[in-house]
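Student: Next comes the structure file model.tsv, holding TSV, C-alpha atoms.
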chain	number	residue	atom	x	y	z
W	1	MET	CA	73.41	-19.81	168.27
W	2	SER	CA	76.15	-17.76	169.95
W	3	ASN	CA	76.67	-18.24	173.70
W	4	VAL	CA	78.60	-15.03	174.39
W	5	THR	CA	78.04	-13.90	177.99
W	6	GLN	CA	78.12	-10.56	179.77
W	7	GLU	CA	81.02	-11.85	181.87
W	8	GLN	CA	83.10	-12.38	178.72
W	9	VAL	CA	82.30	-8.86	177.56
W	10	PHE	CA	83.25	-7.32	180.90
W	11	THR	CA	86.49	-9.33	180.91
W	12	ALA	CA	87.38	-7.96	177.48
W	13	LEU	CA	86.52	-4.41	178.53
W	14	LYS	CA	88.77	-4.70	181.58
W	15	THR	CA	91.75	-4.72	179.20
W	16	ILE	CA	90.92	-1.13	178.16
W	17	THR	CA	92.02	1.80	180.30
W	18	GLY	CA	90.65	5.32	180.24
W	19	PRO	CA	92.72	8.17	178.76
W	20	GLY	CA	95.31	9.31	181.29
W	21	ASN	CA	94.09	6.74	183.80
W	22	ASP	CA	95.60	3.48	185.03
W	23	GLN	CA	92.19	1.97	185.83
W	24	ASP	CA	90.23	-0.06	183.34
W	25	ILE	CA	86.91	1.29	182.10
W	26	VAL	CA	84.90	-1.35	183.97
W	27	SER	CA	86.51	-0.47	187.31
W	28	LEU	CA	85.93	3.21	186.54
W	29	GLY	CA	82.19	2.44	186.43
W	30	ILE	CA	81.59	4.13	183.10
W	31	ILE	CA	80.12	1.13	181.25
W	32	SER	CA	76.32	1.09	181.17
W	33	GLY	CA	73.43	-0.43	179.28
W	34	LEU	CA	75.25	-3.62	178.30
W	35	VAL	CA	73.10	-5.84	176.09
W	36	VAL	CA	74.21	-9.23	174.78
W	37	LYS	CA	71.86	-11.11	172.48
W	38	ASP	CA	72.65	-13.88	170.00
W	39	GLY	CA	76.22	-12.65	169.54
W	40	ASN	CA	75.22	-9.00	169.14
W	41	VAL	CA	76.68	-6.70	171.80
W	42	GLY	CA	75.80	-3.11	172.65
W	43	PHE	CA	76.89	-0.84	175.48
W	44	ALA	CA	77.47	2.80	176.39
W	45	ILE	CA	80.53	4.53	177.85
W	46	GLU	CA	79.58	7.46	180.07
W	47	VAL	CA	82.02	10.36	179.77
W	48	ASP	CA	82.24	14.06	180.44
W	49	PRO	CA	81.06	15.78	177.23
W	50	LYS	CA	84.17	17.98	177.28
W	51	LEU	CA	86.30	14.83	176.95
W	52	ALA	CA	84.24	13.10	174.25
W	53	GLU	CA	86.87	13.57	171.52
W	54	GLN	CA	89.60	12.37	173.88
W	55	PHE	CA	87.61	9.21	174.66
W	56	GLU	CA	86.84	8.32	171.02
W	57	PRO	CA	89.99	6.16	170.50
W	58	MET	CA	89.15	4.34	173.73
W	59	ARG	CA	85.60	3.68	172.46
W	60	LYS	CA	87.01	2.15	169.28
W	61	ALA	CA	89.47	0.06	171.29
W	62	ALA	CA	86.61	-1.19	173.47
W	63	GLU	CA	84.62	-2.21	170.38
W	64	GLN	CA	87.65	-4.04	168.97
W	65	ALA	CA	88.32	-5.85	172.25
W	66	VAL	CA	84.75	-7.14	172.42
W	67	ASP	CA	84.68	-7.96	168.72
W	68	ALA	CA	87.64	-10.30	169.29
W	69	ILE	CA	85.55	-12.53	171.59
W	70	PRO	CA	84.73	-15.81	169.78
W	71	GLY	CA	81.08	-15.86	168.79
W	72	VAL	CA	80.56	-12.07	168.72
W	73	LEU	CA	78.81	-11.06	165.50
W	74	SER	CA	78.53	-7.30	165.99
W	75	VAL	CA	79.50	-4.63	168.52
W	76	THR	CA	78.02	-1.18	169.01
W	77	ALA	CA	79.53	1.17	171.58
W	78	VAL	CA	78.38	4.76	172.03
W	79	LEU	CA	79.72	7.60	174.15
W	80	THR	CA	77.01	8.87	176.47
W	81	ALA	CA	77.77	12.44	177.47
W	82	HIS	CA	75.99	13.96	180.45
W	83	THR	CA	76.07	17.74	180.70
W	84	GLU	CA	75.75	19.54	184.00
W	85	ALA	CA	72.51	21.43	184.21
W	86	ALA	CA	72.78	25.19	184.49
W	87	ALA	CA	71.26	26.84	187.50
W	88	PRO	CA	67.55	27.36	186.74
W	89	GLN	CA	66.34	30.88	186.22
W	90	GLN	CA	62.83	31.83	187.11
W	91	ALA	CA	60.75	32.60	184.07
W	92	PRO	CA	58.36	35.56	184.03
W	93	PRO	CA	54.82	34.65	185.14
W	94	GLY	CA	52.87	32.85	182.46
W	95	ARG	CA	55.91	32.26	180.25
W	96	GLN	CA	57.37	28.87	179.34
W	97	GLU	CA	61.06	28.60	180.24
W	98	ARG	CA	63.04	27.25	177.28
W	99	PRO	CA	66.60	25.90	177.11
W	100	VAL	CA	69.07	28.11	175.26
W	101	GLN	CA	70.31	26.72	171.95
W	102	ALA	CA	74.08	26.47	172.41
W	103	LYS	CA	75.21	25.02	169.10
W	104	GLN	CA	74.03	23.71	165.79
W	105	LEU	CA	74.25	19.95	165.74
W	106	VAL	CA	73.97	19.63	161.97
W	107	PRO	CA	76.14	22.22	160.21
W	108	GLY	CA	75.49	22.52	156.49
W	109	VAL	CA	71.80	21.63	156.74
W	110	LYS	CA	69.49	24.46	155.75
W	111	HIS	CA	66.17	23.17	157.08
W	112	ILE	CA	65.30	20.35	159.49
W	113	VAL	CA	61.72	19.06	159.59
W	114	ALA	CA	60.44	16.48	162.06
W	115	VAL	CA	57.77	14.01	160.93
W	116	ALA	CA	56.03	12.90	164.10
W	117	SER	CA	52.99	11.12	165.48
W	118	GLY	CA	51.46	10.80	168.90
W	119	LYS	CA	51.22	7.01	168.60
W	120	GLY	CA	52.66	4.13	166.62
W	121	GLY	CA	50.95	2.31	163.78
W	122	VAL	CA	49.83	5.34	161.77
W	123	GLY	CA	52.36	4.90	158.95
W	124	LYS	CA	54.63	7.78	159.97
W	125	SER	CA	57.83	6.16	158.67
W	126	THR	CA	56.20	5.38	155.33
W	127	VAL	CA	55.11	8.99	155.05
W	128	ALA	CA	58.56	10.27	156.09
W	129	SER	CA	60.44	8.20	153.49
W	130	ASN	CA	58.08	9.17	150.69
W	131	LEU	CA	58.26	12.85	151.66
W	132	ALA	CA	62.06	12.71	151.60
W	133	LEU	CA	62.01	11.09	148.16
W	134	ALA	CA	59.48	13.66	146.95
W	135	MET	CA	61.75	16.47	148.15
W	136	ALA	CA	64.67	14.93	146.24
W	137	ALA	CA	62.52	14.49	143.13
W	138	SER	CA	61.79	18.23	143.25
W	139	GLY	CA	65.51	18.96	143.10
W	140	HIS	CA	66.21	19.61	146.78
W	141	ARG	CA	69.35	18.15	148.39
W	142	THR	CA	67.67	15.86	150.89
W	143	GLY	CA	68.56	13.62	153.81
W	144	ILE	CA	66.51	11.48	156.17
W	145	LEU	CA	67.46	10.72	159.76
W	146	ASP	CA	65.82	7.71	161.37
W	147	ALA	CA	65.45	8.97	164.96
W	148	ASP	CA	63.60	5.88	166.15
W	149	ILE	CA	66.41	4.23	168.12
W	150	TYR	CA	64.23	1.38	169.38
W	151	GLY	CA	62.55	0.54	166.08
W	152	PRO	CA	64.54	1.85	163.09
W	153	SER	CA	62.79	1.17	159.78
W	154	GLN	CA	64.34	3.53	157.25
W	155	PRO	CA	67.16	1.17	156.13
W	156	ARG	CA	64.55	-1.28	154.87
W	157	MET	CA	62.17	1.35	153.50
W	158	MET	CA	64.92	3.21	151.68
W	159	GLY	CA	66.43	-0.02	150.35
W	160	VAL	CA	69.82	0.53	152.00
W	161	SER	CA	71.93	-2.05	153.83
W	162	GLY	CA	75.47	-2.35	155.13
W	163	ARG	CA	77.48	-0.40	157.67
W	164	PRO	CA	78.58	3.22	157.14
W	165	ASP	CA	82.28	3.97	156.71
W	166	SER	CA	84.27	6.26	158.99
W	167	PRO	CA	87.38	7.48	157.10
W	168	ASP	CA	88.78	9.42	160.07
W	169	GLY	CA	87.48	7.15	162.84
W	170	LYS	CA	85.47	10.05	164.26
W	171	ARG	CA	82.61	10.77	161.86
W	172	LEU	CA	80.42	8.43	159.85
W	173	ASP	CA	79.73	8.81	156.16
W	174	VAL	CA	76.03	8.71	155.34
W	175	MET	CA	74.46	5.92	153.35
W	176	GLN	CA	72.58	6.91	150.21
W	177	ASN	CA	69.90	5.69	147.81
W	178	TYR	CA	67.55	7.31	145.29
W	179	GLY	CA	69.47	10.57	145.70
W	180	VAL	CA	68.65	10.80	149.44
W	181	LYS	CA	71.24	10.63	152.23
W	182	VAL	CA	70.21	8.23	155.01
W	183	MET	CA	71.38	7.61	158.57
W	184	SER	CA	69.87	5.22	161.08
W	185	MET	CA	70.77	3.16	164.13
W	186	GLY	CA	69.61	0.29	161.95
W	187	PHE	CA	72.91	0.50	160.04
W	188	LEU	CA	74.90	0.01	163.24
W	189	VAL	CA	73.10	-2.95	164.82
W	190	PRO	CA	71.47	-6.09	163.34
W	191	GLU	CA	67.83	-5.64	162.37
W	192	ASP	CA	66.48	-7.96	165.08
W	193	THR	CA	68.57	-6.53	167.94
W	194	ALA	CA	66.55	-5.17	170.85
W	195	MET	CA	67.86	-1.77	171.98
W	196	ILE	CA	67.36	-1.90	175.76
W	197	TRP	CA	68.55	1.61	176.50
W	198	ARG	CA	67.50	4.23	179.02
W	199	GLY	CA	66.63	7.81	178.07
W	200	PRO	CA	70.12	9.37	178.43
W	201	MET	CA	71.63	6.72	176.16
W	202	VAL	CA	68.96	7.34	173.51
W	203	THR	CA	69.61	11.07	173.76
W	204	SER	CA	73.36	10.58	173.33
W	205	ALA	CA	72.90	8.22	170.38
W	206	LEU	CA	70.63	10.74	168.64
W	207	GLN	CA	73.11	13.54	169.17
W	208	GLN	CA	75.88	11.41	167.69
W	209	LEU	CA	73.77	10.50	164.66
W	210	LEU	CA	73.38	14.22	164.09
W	211	ARG	CA	76.73	15.80	164.89
W	212	ASP	CA	79.10	12.89	164.15
W	213	VAL	CA	77.81	12.21	160.64
W	214	ASN	CA	79.10	13.73	157.40
W	215	TRP	CA	75.75	15.02	156.13
W	216	GLY	CA	77.36	17.53	153.79
W	217	ASP	CA	75.25	20.38	152.41
W	218	LEU	CA	71.53	19.66	152.49
W	219	ASP	CA	68.53	21.81	151.64
W	220	ILE	CA	66.35	19.77	153.96
W	221	LEU	CA	66.76	16.96	156.48
W	222	ILE	CA	63.62	14.94	157.21
W	223	VAL	CA	63.66	13.42	160.70
W	224	ASP	CA	61.56	10.29	161.13
W	225	MET	CA	60.67	10.69	164.81
W	226	PRO	CA	59.76	7.82	167.14
W	227	PRO	CA	56.12	7.80	168.23
W	228	GLY	CA	55.11	9.54	171.43
W	229	THR	CA	56.44	12.50	173.40
W	230	GLY	CA	59.48	11.16	175.28
W	231	ASP	CA	63.21	11.82	175.54
W	232	ALA	CA	63.95	11.50	171.83
W	233	GLN	CA	61.28	14.04	170.91
W	234	LEU	CA	62.48	16.50	173.54
W	235	THR	CA	66.09	16.09	172.40
W	236	MET	CA	65.19	16.84	168.80
W	237	SER	CA	62.94	19.78	169.62
W	238	GLN	CA	65.19	21.41	172.23
W	239	ASP	CA	68.71	20.69	170.92
W	240	VAL	CA	68.12	20.98	167.18
W	241	PRO	CA	66.96	24.12	165.30
W	242	LEU	CA	63.86	22.53	163.78
W	243	ALA	CA	62.21	24.54	161.04
W	244	GLY	CA	58.98	22.82	161.94
W	245	ALA	CA	57.13	19.59	162.63
W	246	VAL	CA	54.60	17.64	160.60
W	247	ILE	CA	52.04	15.50	162.44
W	248	VAL	CA	50.87	12.22	160.88
W	249	SER	CA	47.59	10.72	162.04
W	250	THR	CA	44.87	8.38	160.91
W	251	PRO	CA	41.30	9.71	160.91
W	252	GLN	CA	39.87	7.91	163.95
W	253	ASP	CA	39.34	9.65	167.25
W	254	ILE	CA	41.90	7.71	169.32
W	255	ALA	CA	44.72	8.48	166.86
W	256	LEU	CA	43.71	12.14	166.73
W	257	LEU	CA	43.78	12.33	170.51
W	258	ASP	CA	47.40	11.15	170.53
W	259	ALA	CA	48.26	13.41	167.58
W	260	ARG	CA	46.95	16.35	169.61
W	261	LYS	CA	49.41	15.45	172.40
W	262	GLY	CA	52.30	15.48	169.96
W	263	LEU	CA	51.18	18.80	168.54
W	264	ASN	CA	50.92	20.35	172.01
W	265	MET	CA	54.41	19.12	172.89
W	266	PHE	CA	55.92	20.90	169.89
W	267	ARG	CA	54.00	24.05	170.72
W	268	LYS	CA	55.30	24.00	174.30
W	269	VAL	CA	58.90	23.93	173.07
W	270	GLU	CA	58.11	26.58	170.43
W	271	VAL	CA	58.57	24.42	167.35
W	272	PRO	CA	56.19	25.50	164.57
W	273	VAL	CA	53.70	22.82	163.57
W	274	LEU	CA	53.58	22.97	159.77
W	275	GLY	CA	50.42	20.93	159.50
W	276	ILE	CA	48.69	17.54	159.76
W	277	ILE	CA	48.68	14.70	157.24
W	278	GLU	CA	45.82	12.21	157.29
W	279	ASN	CA	47.30	8.79	156.46
W	280	MET	CA	45.18	5.69	155.69
W	281	SER	CA	42.48	8.21	154.90
W	282	TYR	CA	40.31	5.82	152.90
W	283	PHE	CA	40.47	2.48	151.08
W	284	THR	CA	39.45	1.80	147.51
W	285	CYS	CA	38.86	-1.86	146.65
W	286	PRO	CA	41.20	-2.84	143.78
W	287	HIS	CA	38.59	-5.31	142.46
W	288	CYS	CA	35.28	-3.45	142.54
W	289	GLY	CA	36.43	0.13	142.97
W	290	GLU	CA	34.19	0.70	145.99
W	291	ARG	CA	35.55	3.13	148.56
W	292	SER	CA	35.49	2.27	152.28
W	293	ASP	CA	36.38	4.65	155.11
W	294	ILE	CA	37.91	1.96	157.32
W	295	PHE	CA	39.30	4.36	159.91
W	296	SER	CA	36.60	7.00	159.33
W	297	HIS	CA	37.55	9.94	157.13
W	298	GLY	CA	38.23	13.63	157.45
W	299	GLY	CA	39.07	13.59	161.14
W	300	ALA	CA	42.54	15.06	160.66
W	301	ARG	CA	41.18	17.85	158.46
W	302	GLU	CA	38.60	18.74	161.11
W	303	GLU	CA	41.24	18.59	163.85
W	304	ALA	CA	43.55	20.87	161.87
W	305	SER	CA	40.75	23.38	161.43
W	306	ARG	CA	39.85	23.22	165.11
W	307	LEU	CA	43.46	23.76	166.19
W	308	GLY	CA	44.15	26.49	163.66
W	309	ILE	CA	46.89	24.69	161.70
W	310	ASP	CA	47.12	23.66	158.05
W	311	PHE	CA	45.80	20.40	156.69
W	312	LEU	CA	48.54	19.23	154.34
W	313	GLY	CA	46.73	16.41	152.57
W	314	GLU	CA	45.46	12.85	152.74
W	315	ILE	CA	47.08	9.57	151.76
W	316	PRO	CA	44.89	6.48	151.22
W	317	LEU	CA	45.29	3.01	152.67
W	318	ASP	CA	46.63	1.19	149.64
W	319	ILE	CA	48.44	-2.12	149.23
W	320	GLU	CA	50.87	-0.63	146.68
W	321	ILE	CA	52.08	1.95	149.19
W	322	ARG	CA	52.66	-0.79	151.76
W	323	GLU	CA	54.32	-3.25	149.38
W	324	THR	CA	56.67	-0.71	147.83
W	325	SER	CA	57.75	0.62	151.22
W	326	ASP	CA	58.36	-2.86	152.62
W	327	GLY	CA	60.28	-3.73	149.47
W	328	GLY	CA	62.65	-0.78	149.73
W	329	ARG	CA	61.23	1.05	146.69
W	330	PRO	CA	58.69	3.54	148.05
W	331	ILE	CA	55.93	4.55	145.70
W	332	VAL	CA	57.37	7.99	144.94
W	333	VAL	CA	60.29	6.30	143.14
W	334	SER	CA	58.69	3.00	142.08
W	335	ASN	CA	55.57	4.55	140.53
W	336	PRO	CA	56.14	8.31	140.35
W	337	ASP	CA	53.18	8.97	138.06
W	338	SER	CA	50.64	7.28	140.34
W	339	PRO	CA	48.03	9.41	142.14
W	340	HIS	CA	49.55	8.40	145.50
W	341	ALA	CA	53.04	9.55	144.50
W	342	LYS	CA	51.58	12.81	143.26
W	343	ALA	CA	49.84	13.26	146.62
W	344	PHE	CA	53.16	12.87	148.43
W	345	ARG	CA	54.76	15.33	145.99
W	346	ALA	CA	52.05	17.91	146.64
W	347	ILE	CA	52.47	17.59	150.42
W	348	ALA	CA	56.26	17.82	150.12
W	349	ASP	CA	55.93	20.96	147.99
W	350	ALA	CA	53.64	22.53	150.59
W	351	ILE	CA	56.13	21.74	153.38
W	352	TRP	CA	59.04	23.13	151.36
W	353	ASP	CA	57.13	26.36	150.63
W	354	LYS	CA	56.52	26.80	154.35
W	355	VAL	CA	60.08	26.27	155.55
W	356	ASP	CA	61.85	28.02	152.69
W	357	SER	CA	59.63	31.08	152.84
W	358	GLY	CA	60.73	31.71	156.40
W	359	SER	CA	57.42	30.73	158.01
W	360	GLY	CA	59.30	28.16	160.08
W	361	ARG	CA	61.60	29.04	162.94
W	362	ALA	CA	64.64	31.12	162.02
W	363	MET	CA	68.06	29.56	162.48
W	364	PRO	CA	69.63	30.67	165.77
W	365	THR	CA	72.96	32.34	166.24
W	366	ILE	CA	75.50	29.54	166.38
W	367	VAL	CA	78.06	29.39	169.16
W	368	MET	CA	80.81	26.85	168.43
W	369	GLN	CA	82.05	25.20	171.63
What would you get if you wrote out this structure as structure tokens?
Tutor:
Amino acid sequence: MSNVTQEQVFTALKTITGPGNDQDIVSLGIISGLVVKDGNVGFAIEVDPKLAEQFEPMRKAAEQAVDAIPGVLSVTAVLTAHTEAAAPQQAPPGRQERPVQAKQLVPGVKHIVAVASGKGGVGKSTVASNLALAMAASGHRTGILDADIYGPSQPRMMGVSGRPDSPDGKRLDVMQNYGVKVMSMGFLVPEDTAMIWRGPMVTSALQQLLRDVNWGDLDILIVDMPPGTGDAQLTMSQDVPLAGAVIVSTPQDIALLDARKGLNMFRKVEVPVLGIIENMSYFTCPHCGERSDIFSHGGAREEASRLGIDFLGEIPLDIEIRETSDGGRPIVVSNPDSPHAKAFRAIADAIWDKVDSGSGRAMPTIVMQ
């Protein structure tokens, strides 16, 4: 096991100076969030967003300096840009104040759809990967962004490994499999690395995975959101022109309660909720054929009706769905003629009809800065 220490990392970083500055980046106090575990190193460099491009060579030099330490297996350095908040303006009574969209973070992408849940453990990532593959199977140019910085799972589910290339040293090329473009923090750090990052670092990492990646031209980008309603969700809903959000829930009351929180968050930031999917809706015994409603059944449909949004469909609890996702060959590609794959295709078609018909949010006027 590697015995690399934080002191060794700081010593290496002290050999790197900031652009146009004689001081090293440690003395400048711009290194934060340093994590060293089993030879895997991660840290952030806090810079003025206006100087991000100027600091990129320094970020690469910092990575290389740390990578040269004996025992270091991997290094991930990100630029964390903090923008100064504009002076708040008072909103009219009864109206929600909303940040102004300043720029499009993903040029070339026609529609961006968030797949979200109010809590973990409802199979959101499995649903997201199968929806992306279903979109691609229908002929749409599709990408999937794994926005779960703390627990990325799309590399494994999409059967993709390795580290993305960066031909110009500024932007990453996407990884790809089954005709779907994929990007995830999981490509940049080892699978078992704990990301011990505060909110601003997560926000910056998400923004870089969006704007500093060569996505190319896409009809739709599926965003696999982390569970909950924290910084990552607010970043995606306020900084990115989402066409809409899809809520994934299981049928039981406690999951629906959390799903309702996620739905209300999107409504508050004026992101259209395209509908609810009921995952693990029922279980059919593969031996006797008897159906069991392990987590109850129909709760998401009832909740959708109560809240006045569409119910997009139900996906059963099935071992084949779990095994194919864990094995990197989700059911939509491994068994496309199965009833479960057809259910994902039907839901994907319904989502596409909604966003491409203009029922989602219109793209804003883009101001390049």
Student: So how far away is atom CA of W:Ile45 from atom CA of W:Gly29, in Å?
Tutor: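 Those two atoms sit 9.0 Å apart.
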Student: Which residues are near stretch 53-58 of chain W? Cut-off 10 Å, all atoms listed in the file, ignore same chain within fewer than 6 positions. Put them as an MDAnalysis selection string.
Tutor: chainID W and resid 16:20 25 45:47 64 78:79 169:170
Student: Write the residues of the selection above to a file with C-alpha atoms, as an mmCIF file, in the frame of the given file.
Tutor:
data_model
loop_
_atom_site.group_PDB
_atom_site.id
_atom_site.type_symbol
_atom_site.label_atom_id
_atom_site.label_comp_id
_atom_site.auth_asym_id
_atom_site.auth_seq_id
_atom_site.Cartn_x
_atom_site.Cartn_y
_atom_site.Cartn_z
ATOM 1 C CA ILE W 16 90.920 -1.130 178.160
ATOM 2 C CA THR W 17 92.020 1.800 180.300
ATOM 3 C CA GLY W 18 90.650 5.320 180.240
ATOM 4 C CA PRO W 19 92.720 8.170 178.760
ATOM 5 C CA GLY W 20 95.310 9.310 181.290
ATOM 6 C CA ILE W 25 86.910 1.290 182.100
ATOM 7 C CA ILE W 45 80.530 4.530 177.850
ATOM 8 C CA GLU W 46 79.580 7.460 180.070
ATOM 9 C CA VAL W 47 82.020 10.360 179.770
ATOM 10 C CA GLN W 64 87.650 -4.040 168.970
ATOM 11 C CA VAL W 78 78.380 4.760 172.030
ATOM 12 C CA LEU W 79 79.720 7.600 174.150
ATOM 13 C CA GLY W 169 87.480 7.150 162.840
ATOM 14 C CA LYS W 170 85.470 10.050 164.260
#
Student: If you measure from atom CA of W:Gly328 to atom CA of W:Arg156, what distance in Å do you get, rounded to one decimal?
Tutor: 5.5 Å
Student: For atom CA of W:Met225 and atom CA of W:Asp146, quote the distance in Å rounded to one decimal.
Tutor: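 Computing the Euclidean distance for atom CA of W:Met225 and atom CA of W:Asp146 yields 6.9 Å.
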Student: (79.5, 17.1, 159.3) in this file's frame - what residues fall within 12 Å of it? Use all atoms listed in the file and give the answer as number ranges by chain.
Tutor: W: 104-109, 166, 170-174, 208-218
Student: Ranking W:Ile112, W:Ala128, W:Ala52, W:Leu317 by minimum distance to W:Thr284 and counting all atoms listed in the file, which one comes first?
Tutor: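 Smallest separation from W:Thr284 among the options: W:Leu317.
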Student: Would you list the contacts of W:Val75 as an MDAnalysis selection string, taking every protein, DNA or RNA residue within 8 Å and counting all atoms listed in the file, but skipping same-chain residues closer than 5 positions in sequence?
Tutor: chainID W and resid 40:42 63 66:67 189
Student: Which is closer to W:Ala12 than all the others in W:Asp38, W:Lys60, W:Ala65, W:Ser117, using only C-alpha atoms?
Tutor: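 Looking at the shortest contact to W:Ala12, the residue is W:Ala65.
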Student: Give me the residues within 10 Å of stretch 340-357 of chain W as a PyMOL selection string, counting all atoms listed in the file and dropping any in the same chain fewer than 6 places off.
Tutor: chain W and resi 110-113+127-128+130-138+140+219-220+242-246+272+274-275+277+310-318+320-321+330-334
